[in-house]
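Source file: start03.txt; contents: compact mmCIF, C-alpha atoms.
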```txt
# COMPACT_ATOMS: atom_id res chain seq x y z
CA MET A 15 139.45 36.13 132.59
CA SER A 16 142.29 36.92 130.23
CA LEU A 17 144.40 35.88 127.31
CA LYS A 18 147.51 34.02 128.40
CA SER A 19 149.09 33.58 124.96
CA SER A 20 148.36 33.66 121.24
CA ASN A 21 150.54 31.92 118.69
CA LYS A 22 150.16 31.38 114.96
CA VAL A 23 150.59 27.65 114.33
CA GLU A 24 149.79 27.55 110.61
CA THR A 25 148.16 29.65 107.89
CA ASN A 26 144.94 31.17 109.22
CA THR A 27 145.21 29.15 112.44
CA TYR A 28 146.17 30.41 115.91
CA GLU A 29 146.45 28.56 119.19
CA ILE A 30 145.28 30.64 122.13
CA GLU A 31 145.56 29.99 125.86
CA VAL A 32 142.67 31.32 127.92
CA THR A 33 142.51 31.67 131.71
CA VAL A 34 139.54 32.07 134.04
CA ASP A 35 140.39 33.25 137.54
CA ALA A 36 139.51 31.10 140.56
CA GLN A 37 136.76 33.40 141.90
CA THR A 38 134.95 33.59 138.56
CA PHE A 39 135.04 29.82 138.18
CA ALA A 40 133.89 29.28 141.78
CA ASP A 41 130.97 31.63 141.14
CA ALA A 42 130.12 29.64 137.99
CA CYS A 43 130.13 26.43 140.03
CA LYS A 44 127.66 28.03 142.42
CA THR A 45 125.48 29.11 139.50
CA ALA A 46 125.54 25.54 138.16
CA TYR A 47 124.55 24.26 141.61
CA MET A 48 121.64 26.71 141.84
CA ARG A 49 120.38 25.55 138.45
CA GLN A 50 120.51 21.86 139.35
CA ARG A 51 119.76 21.69 143.06
CA LYS A 52 116.01 21.13 142.66
CA SER A 53 116.67 17.89 140.82
CA ILE A 54 119.30 16.54 143.27
CA GLN A 55 118.39 14.44 146.29
CA LEU A 56 120.80 13.20 148.97
CA PRO A 57 120.03 10.75 151.79
CA GLY A 58 118.80 12.73 154.79
CA PHE A 59 117.81 15.75 152.71
CA ARG A 60 114.55 16.59 151.02
CA LYS A 61 114.83 16.88 147.26
CA GLY A 62 116.32 20.25 146.35
CA LYS A 63 117.48 21.04 149.89
CA ALA A 64 121.03 19.62 149.83
CA THR A 65 123.75 22.27 150.08
CA GLN A 66 126.42 22.72 147.43
CA GLY A 67 129.09 21.57 149.88
CA MET A 68 127.23 18.35 150.75
CA ILE A 69 126.66 17.51 147.08
CA GLU A 70 130.34 18.08 146.28
CA LYS A 71 131.34 15.94 149.26
CA VAL A 72 129.20 13.03 148.07
CA TYR A 73 129.80 13.26 144.31
CA GLY A 74 133.22 14.90 144.27
CA GLU A 75 134.42 18.49 144.03
CA GLY A 76 134.17 18.44 140.25
CA VAL A 77 130.47 17.56 140.08
CA PHE A 78 129.60 21.03 138.78
CA PHE A 79 132.79 21.69 136.81
CA GLU A 80 131.45 20.71 133.37
CA ASP A 81 128.40 22.93 133.69
CA ALA A 82 130.47 25.73 135.19
CA LEU A 83 132.86 25.55 132.25
CA GLU A 84 129.94 25.91 129.85
CA ILE A 85 128.92 29.05 131.78
CA VAL A 86 132.30 30.79 131.66
CA TYR A 87 133.49 29.48 128.28
CA PRO A 88 131.71 31.84 125.82
CA GLU A 89 132.65 35.10 127.56
CA ALA A 90 136.18 33.96 128.37
CA VAL A 91 136.95 32.81 124.85
CA GLN A 92 135.46 35.90 123.22
CA ALA A 93 137.39 38.16 125.57
CA ALA A 94 140.64 36.33 124.72
CA ILE A 95 139.96 36.56 120.99
CA ASP A 96 139.27 40.28 121.30
CA GLU A 97 142.41 40.80 123.39
CA ALA A 98 144.47 38.91 120.81
CA GLU A 99 142.89 41.09 118.10
CA LEU A 100 142.01 38.04 116.03
CA ARG A 101 139.22 37.99 113.47
CA VAL A 102 137.81 34.50 113.84
CA VAL A 103 135.70 32.92 111.08
CA ASP A 104 134.53 29.73 112.81
CA GLN A 105 134.07 28.07 116.17
CA PRO A 106 137.23 27.21 118.18
CA PHE A 107 138.42 23.61 117.93
CA ASP A 108 140.88 21.19 119.54
CA LEU A 109 139.90 22.33 123.04
CA ASP A 110 142.29 21.14 125.76
CA VAL A 111 141.49 22.05 129.38
CA THR A 112 144.82 21.88 131.23
CA VAL A 113 143.71 23.26 134.63
CA MET A 114 140.26 23.28 136.23
CA SER A 115 139.71 23.75 139.96
CA LYS A 116 138.15 26.20 142.37
CA GLU A 117 141.57 27.04 143.76
CA GLU A 118 143.33 27.70 140.43
CA GLY A 119 140.48 28.53 138.11
CA VAL A 120 140.61 27.32 134.52
CA GLU A 121 143.34 27.24 131.93
CA MET A 122 142.54 25.96 128.45
CA LYS A 123 144.09 25.83 125.02
CA MET A 124 142.25 25.85 121.72
CA LYS A 125 142.75 26.63 118.07
CA VAL A 126 140.85 29.21 116.08
CA THR A 127 140.58 29.81 112.34
CA THR A 128 141.18 33.41 111.38
CA TYR A 129 140.15 35.60 108.47
CA PRO A 130 142.64 35.10 105.62
CA GLU A 131 145.21 37.63 104.57
CA VAL A 132 144.26 38.93 101.13
CA LYS A 133 146.74 40.38 98.65
CA LEU A 134 145.06 42.43 95.95
CA GLY A 135 146.13 42.32 92.34
CA GLU A 136 144.94 44.74 89.66
CA TYR A 137 141.43 46.04 90.25
CA LYS A 138 141.45 49.44 88.54
CA GLY A 139 141.77 50.14 84.83
CA LEU A 140 140.63 46.65 83.82
CA THR A 141 139.17 45.84 80.40
CA ALA A 142 136.16 43.67 79.58
CA GLU A 143 133.73 43.07 76.73
CA TYR A 144 130.64 45.28 76.71
CA GLY A 145 127.78 43.61 74.88
CA GLU A 146 125.59 45.03 72.12
CA THR A 147 122.88 47.30 73.48
CA GLU A 148 120.98 48.40 70.38
CA ALA A 149 117.88 46.36 69.51
CA THR A 150 117.87 45.05 65.94
CA ASP A 151 114.94 44.46 63.60
CA ASP A 152 115.50 40.73 64.15
CA ASP A 153 115.15 41.24 67.92
CA VAL A 154 111.83 43.01 67.39
CA ALA A 155 110.64 40.32 64.97
CA GLU A 156 111.51 37.60 67.50
CA GLU A 157 109.61 39.44 70.24
CA LEU A 158 106.57 39.84 67.97
CA LYS A 159 106.73 36.13 67.15
CA ASN A 160 106.70 35.29 70.86
CA MET A 161 103.72 37.59 71.35
CA GLN A 162 101.93 35.81 68.51
CA GLU A 163 102.65 32.47 70.16
CA ARG A 164 101.30 33.68 73.50
CA ASN A 165 98.12 34.89 71.80
CA SER A 166 97.64 31.89 69.53
CA ARG A 167 94.68 29.50 69.63
CA LEU A 168 94.26 25.84 68.83
CA VAL A 169 91.85 24.81 66.07
CA SER A 170 90.83 21.27 65.17
CA VAL A 171 92.27 19.61 62.09
CA GLU A 172 90.42 16.75 60.37
CA ASP A 173 91.72 16.65 56.80
CA ARG A 174 95.34 15.64 57.45
CA ALA A 175 97.72 13.67 59.63
CA ALA A 176 99.34 15.12 62.72
CA GLU A 177 102.47 17.18 62.15
CA MET A 178 105.26 18.32 64.43
CA GLY A 179 104.03 21.49 66.13
CA ASP A 180 100.44 20.20 66.36
CA THR A 181 98.78 19.18 69.61
CA ALA A 182 97.44 15.62 69.45
CA GLU A 183 94.96 14.43 72.06
CA ILE A 184 95.84 10.78 72.55
CA ASN A 185 94.98 7.70 74.54
CA PHE A 186 98.04 5.61 75.35
CA GLU A 187 99.15 2.65 77.45
CA GLY A 188 102.72 1.48 77.86
CA PHE A 189 104.01 -2.10 78.10
CA VAL A 190 107.41 -3.54 78.98
CA ASP A 191 107.92 -7.22 78.17
CA GLY A 192 104.19 -7.43 77.46
CA GLU A 193 103.23 -6.13 80.92
CA ALA A 194 101.56 -2.75 81.58
CA PHE A 195 103.49 -0.58 84.04
CA ASP A 196 102.38 2.03 86.58
CA GLY A 197 102.10 5.57 85.26
CA GLY A 198 102.18 4.44 81.64
CA LYS A 199 98.52 5.06 80.81
CA GLY A 200 96.62 8.21 79.85
CA GLU A 201 93.42 9.30 78.11
CA ASN A 202 92.76 12.42 76.03
CA TYR A 203 96.27 13.61 76.85
CA PRO A 204 97.12 16.84 74.97
CA LEU A 205 100.60 16.16 73.61
CA GLU A 206 102.35 18.99 71.76
CA LEU A 207 104.44 17.25 69.13
CA GLY A 208 107.99 18.56 69.26
CA SER A 209 107.79 19.77 72.86
CA GLY A 210 110.09 17.00 74.08
CA SER A 211 107.77 16.31 77.00
CA PHE A 212 107.59 12.56 76.31
CA ILE A 213 110.28 9.89 75.96
CA PRO A 214 112.69 10.61 73.07
CA GLY A 215 111.29 9.27 69.82
CA PHE A 216 107.68 9.09 71.05
CA GLU A 217 106.35 12.32 69.57
CA GLU A 218 107.96 11.75 66.19
CA GLN A 219 106.09 8.42 65.88
CA VAL A 220 102.74 10.06 66.67
CA ALA A 221 103.28 12.50 63.80
CA GLY A 222 101.99 11.09 60.53
CA HIS A 223 98.87 9.50 62.01
CA LYS A 224 95.29 10.73 61.63
CA VAL A 225 92.29 11.01 63.96
CA ASP A 226 91.03 7.55 65.08
CA ASP A 227 94.28 5.87 63.98
CA GLU A 228 95.42 3.14 66.39
CA PHE A 229 99.13 2.37 66.32
CA ASP A 230 102.19 1.28 68.33
CA VAL A 231 105.01 3.55 69.41
CA ASN A 232 108.30 1.77 70.13
CA VAL A 233 110.77 3.56 72.41
CA THR A 234 113.62 2.89 74.81
CA PHE A 235 113.60 4.56 78.22
CA PRO A 236 116.70 6.72 78.88
CA GLU A 237 119.35 5.30 81.21
CA GLU A 238 118.75 8.18 83.65
CA TYR A 239 115.03 7.38 83.88
CA GLN A 240 113.51 6.00 87.10
CA ALA A 241 115.32 2.85 88.18
CA ASP A 242 112.69 0.20 87.34
CA LEU A 243 112.31 1.41 83.71
CA ALA A 244 115.77 2.82 82.94
CA GLY A 245 117.16 1.54 79.63
CA LYS A 246 114.20 -0.76 78.94
CA GLU A 247 112.38 -1.09 75.62
CA ALA A 248 108.67 -0.26 75.72
CA VAL A 249 105.66 -0.41 73.41
CA PHE A 250 102.89 2.16 73.74
CA LYS A 251 99.45 1.35 72.31
CA CYS A 252 98.13 4.69 71.06
CA LYS A 253 95.02 6.22 69.51
CA ILE A 254 94.57 9.79 68.28
CA ASN A 255 91.27 11.34 69.35
CA GLU A 256 91.81 14.84 68.00
CA ILE A 257 94.43 16.91 66.22
CA LYS A 258 94.75 20.65 66.79
CA LYS A 259 97.02 23.10 65.05
CA LYS A 260 98.24 26.38 66.40
CA GLU A 261 96.70 29.37 64.68
CA LEU A 262 98.63 32.62 65.05
CA PRO A 263 96.94 36.03 64.91
CA GLU A 264 97.77 38.36 62.03
CA LEU A 265 100.46 40.97 62.70
CA ASP A 266 98.47 44.11 62.10
CA ASP A 267 97.23 47.22 63.88
CA GLU A 268 94.40 45.30 65.56
CA PHE A 269 96.87 42.81 66.97
CA ALA A 270 99.01 45.68 68.27
CA LYS A 271 96.04 47.27 70.07
CA ASP A 272 94.99 43.90 71.51
CA VAL A 273 98.37 43.16 73.08
CA ASP A 274 99.18 46.73 74.22
CA GLU A 275 96.50 49.25 75.07
CA ASP A 276 99.01 52.10 74.91
CA VAL A 277 99.58 51.80 71.14
CA ASP A 278 97.29 52.23 68.13
CA THR A 279 99.37 50.80 65.32
CA LEU A 280 101.80 47.97 64.65
CA ASP A 281 104.55 50.48 63.92
CA GLU A 282 104.03 52.08 67.34
CA LEU A 283 104.24 48.65 68.93
CA LYS A 284 107.48 47.92 67.07
CA ASP A 285 108.99 51.23 68.22
CA LYS A 286 107.99 50.53 71.81
CA LEU A 287 109.40 46.99 71.68
CA LYS A 288 112.64 48.27 70.18
CA LYS A 289 113.06 50.70 73.07
CA GLU A 290 112.23 48.06 75.71
CA ILE A 291 114.57 45.51 74.15
CA SER A 292 117.37 48.08 74.00
CA GLU A 293 116.87 48.86 77.69
CA ARG A 294 117.00 45.15 78.56
CA LYS A 295 120.13 44.66 76.49
CA GLU A 296 121.72 47.65 78.18
CA GLU A 297 120.98 46.18 81.62
CA ASN A 298 122.33 42.77 80.56
CA ALA A 299 125.45 44.36 79.10
CA LYS A 300 126.08 46.31 82.31
CA ARG A 301 125.59 43.21 84.45
CA GLU A 302 127.82 41.01 82.29
CA PHE A 303 130.46 43.76 82.09
CA GLU A 304 130.45 44.10 85.87
CA ASN A 305 130.57 40.33 86.38
CA ALA A 306 133.50 40.00 83.98
CA LEU A 307 135.41 42.71 85.85
CA ILE A 308 134.69 41.17 89.26
CA GLN A 309 135.88 37.82 87.93
CA GLN A 310 139.17 39.43 86.91
CA VAL A 311 139.51 41.02 90.35
CA ILE A 312 139.06 37.73 92.20
CA ASP A 313 141.33 35.93 89.75
CA ASN A 314 144.00 38.51 90.62
CA ILE A 315 143.86 38.15 94.42
CA GLU A 316 146.15 35.93 96.47
CA ALA A 317 144.61 34.33 99.55
CA GLU A 318 144.59 30.99 101.32
CA ILE A 319 140.90 30.75 102.12
CA PRO A 320 139.94 28.52 105.07
CA GLU A 321 137.64 25.73 103.91
CA CYS A 322 135.26 26.52 106.77
CA MET A 323 134.42 29.84 105.09
CA ASN A 324 133.28 28.00 101.96
CA THR A 325 131.39 25.45 104.03
CA ASN A 326 129.64 28.12 106.07
CA LYS A 327 128.67 30.04 102.93
CA THR A 328 127.31 26.83 101.38
CA GLU A 329 125.18 26.24 104.48
CA GLU A 330 123.98 29.82 104.31
CA LEU A 331 122.90 29.45 100.67
CA VAL A 332 121.09 26.18 101.42
CA GLN A 333 119.29 27.73 104.39
CA ASP A 334 118.28 30.71 102.27
CA TYR A 335 116.90 28.36 99.59
CA GLY A 336 115.00 26.44 102.25
CA TYR A 337 113.57 29.66 103.64
CA ARG A 338 112.33 30.70 100.21
CA LEU A 339 110.71 27.29 99.79
CA GLN A 340 108.99 27.76 103.15
CA MET A 341 107.56 31.05 101.92
CA GLN A 342 105.89 28.98 99.18
CA GLY A 343 104.60 26.45 101.70
CA ILE A 344 107.16 23.74 100.83
CA ASP A 345 109.43 21.97 103.31
CA LEU A 346 113.03 21.50 102.13
CA ASN A 347 113.13 17.80 103.09
CA THR A 348 109.88 17.18 101.22
CA TYR A 349 111.32 19.04 98.25
CA LEU A 350 114.43 16.83 98.30
CA GLN A 351 112.28 13.69 98.42
CA TYR A 352 110.40 14.94 95.38
CA LEU A 353 113.72 15.47 93.56
CA GLY A 354 115.07 12.14 94.76
CA GLN A 355 118.16 13.87 96.20
CA THR A 356 120.06 13.56 99.45
CA MET A 357 120.95 16.67 101.43
CA ASP A 358 124.63 16.14 100.57
CA ASP A 359 123.83 16.01 96.85
CA PHE A 360 121.73 19.15 97.19
CA LYS A 361 124.46 21.03 99.06
CA ALA A 362 127.02 20.05 96.43
CA GLN A 363 125.10 22.14 93.88
CA PHE A 364 125.84 25.29 95.91
CA GLU A 365 129.53 24.71 96.60
CA GLU A 366 131.03 26.45 93.55
CA ASN A 367 128.73 29.45 93.95
CA ALA A 368 129.65 29.62 97.63
CA LYS A 369 133.38 29.65 96.84
CA GLN A 370 132.81 32.39 94.29
CA GLN A 371 130.85 34.53 96.74
CA VAL A 372 133.50 34.13 99.45
CA LYS A 373 136.22 35.28 97.04
CA VAL A 374 134.16 38.26 95.89
CA SER A 375 133.46 39.28 99.48
CA LEU A 376 137.14 39.03 100.42
CA ALA A 377 138.29 41.03 97.41
CA LEU A 378 135.74 43.82 97.80
CA GLU A 379 136.41 44.16 101.51
CA GLU A 380 140.11 44.49 100.82
CA ILE A 381 139.42 47.17 98.20
CA VAL A 382 137.28 49.05 100.74
CA LYS A 383 140.27 49.08 103.10
CA ALA A 384 142.79 49.95 100.42
CA GLU A 385 140.72 52.88 99.13
CA ASN A 386 139.53 54.04 102.57
CA ILE A 387 135.93 53.84 101.37
CA GLU A 388 133.37 55.07 103.89
CA ALA A 389 129.58 55.21 104.16
CA THR A 390 128.18 58.58 105.22
CA GLU A 391 125.25 59.04 107.57
CA ASP A 392 123.21 60.50 104.70
CA GLU A 393 123.93 57.42 102.57
CA VAL A 394 122.87 55.08 105.38
CA ASN A 395 119.64 57.04 105.91
CA ALA A 396 118.96 56.97 102.17
CA GLU A 397 119.46 53.20 102.20
CA ILE A 398 117.03 52.86 105.11
CA ASP A 399 114.42 54.96 103.27
CA LYS A 400 114.89 52.85 100.15
CA LEU A 401 114.37 49.60 102.07
CA ALA A 402 111.38 51.05 103.92
CA GLU A 403 109.71 51.93 100.62
CA GLN A 404 110.63 48.58 99.09
CA TYR A 405 109.14 46.51 101.91
CA GLY A 406 106.32 48.89 102.90
CA MET A 407 107.75 49.46 106.38
CA ASP A 408 108.62 52.45 108.54
CA ALA A 409 112.21 53.64 108.66
CA GLU A 410 112.34 52.84 112.38
CA GLN A 411 111.29 49.25 111.67
CA ILE A 412 114.13 48.90 109.17
CA LYS A 413 116.60 50.30 111.71
CA ALA A 414 115.43 47.75 114.26
CA ALA A 415 115.59 44.86 111.79
CA VAL A 416 118.85 45.62 109.96
CA PRO A 417 122.02 46.51 111.91
CA ALA A 418 123.55 49.85 110.92
CA GLU A 419 126.92 48.12 110.46
CA GLN A 420 125.41 45.81 107.86
CA LEU A 421 123.96 48.74 105.94
CA GLU A 422 127.31 50.54 106.07
CA ASN A 423 129.14 47.46 104.79
CA ASP A 424 126.64 47.05 101.94
CA ILE A 425 127.16 50.67 100.89
CA LYS A 426 130.95 50.37 101.09
CA THR A 427 130.87 47.19 99.03
CA ARG A 428 128.66 48.82 96.42
CA LYS A 429 131.09 51.76 96.21
CA ALA A 430 133.98 49.32 95.71
CA VAL A 431 132.14 47.73 92.78
CA GLU A 432 131.42 51.18 91.32
CA LEU A 433 135.11 52.06 91.60
CA ILE A 434 136.04 48.92 89.65
CA VAL A 435 133.43 49.57 86.97
CA ASP A 436 134.00 53.33 86.62
CA SER A 437 137.74 52.88 86.14
CA ALA A 438 137.35 50.04 83.61
CA LYS A 439 137.52 50.17 79.83
CA LYS A 440 135.02 48.64 77.42
CA ALA A 441 136.52 46.29 74.87
```
Would you put the structure from the file into structure tokens?
Amino acid sequence: MSLKSSNKVETNTYEIEVTVDAQTFADACKTAYMRQRKSIQLPGFRKGKATQGMIEKVYGEGVFFEDALEIVYPEAVQAAIDEAELRVVDQPFDLDVTVMSKEEGVEMKMKVTTYPEVKLGEYKGLTAEYGETEATDDDVAEELKNMQERNSRLVSVEDRAAEMGDTAEINFEGFVDGEAFDGGKGENYPLELGSGSFIPGFEEQVAGHKVDDEFDVNVTFPEEYQADLAGKEAVFKCKINEIKKKELPELDDEFAKDVDEDVDTLDELKDKLKKEISERKEENAKREFENALIQQVIDNIEAEIPECMNTNKTEELVQDYGYRLQMQGIDLNTYLQYLGQTMDDFKAQFEENAKQQVKVSLALEEIVKAENIEATEDEVNAEIDKLAEQYGMDAEQIKAAVPAEQLENDIKTRKAVELIVDSAKKA
């Protein structure tokens, strides 16, 4: 088996000619015969006892050719690709078998899509905005407000009408053209007014009514609502059974001790929150700074990226999403039915992200080559130890599960990102 020729026919596409010698192909025909003989019966022979020669005489010399080609194809093609020193990014296509016989072997042509040539632009000394990292008093106040909300309680209100922000327990039944519709009825439903959980305009019409009030709410279903109700006018017959308002705890030392056992006073809690918020803002600033720099790097590269790379990455992202759903006990197809989406619609949501990831990968790999970035044995071992601790596994288990080459590439890529960031300027 060998490469006969390799010719570039267009950007990122090569046509290769692959040969398989006669003996190798004849051996593959024999292997195909051995696999199938038990299921073949010829007149005068018991099932499975007919010789290869007799079967070929009855059905033709090429009876085993197709299966034999499948046997030799993978190794022959891979050997030719390696010999041509091509980095292929997808399965070969446009296969044309020009010769196939025991006497001459096999000759075949095919096209392969190769890894794109990438021309780097500027990637060192870039400038990007670096966000604010210091927590303000307003940030702390907002965090305390959220903590109050999380620790609030609902208390009944009887001396006034419902207001936005209250929770009204209501009975309701919806009608379209005077007819009740499925899913339009509820009893003692706790509706938080202003939450936007009901049809637009519904909650505002509940506000202003008191306990035991019976009233109509007139709304129009949004055009994007489920098909049988989309855009239709509806009347909901409603009754308020109870009104509850949110009661927030006082911001004092007792509150501070209740929400955080490590502090004794409200001032201590504020100091702790200020530090935590600053740390979060620092992390966000770093991430956004890095993302902005990477975006500049990929905007600066020149490359004609084969569409199959984007398609394959999209498939990879979808499969990863499906795997994560499985970990939660949900099947992807069931999930799509719940969303009312087709698989094509679902995949379309990943396409832009996939294109972005492909560009980032291409750019960083090119930087690794340009800067001769390497991963040392100590760095690989440190990465293995880190993963082992993260997943509660032995180092040997990590080595068996994750190829060393993958770990090395991850380290090199991380170093390329660090080079970009370390050389950059904060605006």
Between atom CA of Met161 of chain A and atom CA of Gln342 of chain A - distance in Å to one decimal: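 Computing the Euclidean distance for atom CA of Gln342 of chain A and atom CA of Met161 of chain A yields 29.2 Å.
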Using only C-alpha atoms, which residues of segment 113-206 of chain A come within 12 Å of segment 369-388 of chain A, and what is the closest atom pair for each, with the distance in Å to one decimal? Give it as CSV, sorted by chain and residue number.
```
residue,atom,partner,partner_atom,distance
A:Tyr129,CA,A:Leu376,CA,9.3
A:Pro130,CA,A:Leu376,CA,8.5
A:Glu131,CA,A:Leu376,CA,9.2
A:Val132,CA,A:Glu380,CA,6.9
A:Lys133,CA,A:Glu380,CA,8.1
A:Leu134,CA,A:Ala377,CA,7.1
A:Gly135,CA,A:Ala377,CA,9.4
A:Glu136,CA,A:Ile381,CA,10.5
A:Tyr137,CA,A:Ile381,CA,8.3
A:Lys138,CA,A:Ile381,CA,10.1
```
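Here atom CA of Met68 of chain A is placed at a distance of 13.4 Å from atom CA of Met48 of chain A.
In this comparison, which uses all atoms listed in the file, the residue of A:Glu321, A:Glu217, A:Asp313, A:Glu290 approaching Val154 of chain A most closely is A:Glu290.
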8 Å contact set for Ala402 of chain A, only C-alpha atoms, chain neighbours under 5 positions out, as a VMD selection string: chain A and resid 407 to 409 411 to 412
Take the residues from that selection and write them out as a PDB file, in the frame of the given file, keeping C-alpha atoms.
```
ATOM      1  CA  MET A 407     107.750  49.460 106.380  1.00  0.00           C
ATOM      2  CA  ASP A 408     108.620  52.450 108.540  1.00  0.00           C
ATOM      3  CA  ALA A 409     112.210  53.640 108.660  1.00  0.00           C
ATOM      4  CA  GLN A 411     111.290  49.250 111.670  1.00  0.00           C
ATOM      5  CA  ILE A 412     114.130  48.900 109.170  1.00  0.00           C
TER       6      ILE A 412
END
```
From A:Lys289, A:Thr279, A:Glu121, A:Glu177, residue lying nearest Thr150 of chain A [all atoms listed in the file]: A:Lys289
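We find atom CA of Gln363 of chain A and atom CA of Leu331 of chain A to be spaced 10.2 Å apart.
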Which polymer residues have any atom within 10 Å of an atom of Ser53 of chain A, counting all atoms listed in the file, with same-chain residues fewer than 4 positions away left out, as a short mmCIF file (atom, residue, chain, number, x, y, z; two decimals) with C-alpha atoms, in the coordinates of the input?
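out_34.cif, freshly written:
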```
data_model
loop_
_atom_site.label_atom_id
_atom_site.label_comp_id
_atom_site.auth_asym_id
_atom_site.auth_seq_id
_atom_site.Cartn_x
_atom_site.Cartn_y
_atom_site.Cartn_z
CA ARG A 49 120.38 25.55 138.45
CA LYS A 61 114.83 16.88 147.26
CA GLY A 62 116.32 20.25 146.35
CA LYS A 63 117.48 21.04 149.89
#
```
For Lys429 of chain A, the nearest of the candidates A:Ala441, A:Leu350, A:Val72, A:Ala389, counting all atoms listed in the file: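 Result for the nearest residue to Lys429 of chain A: A:Ala389.
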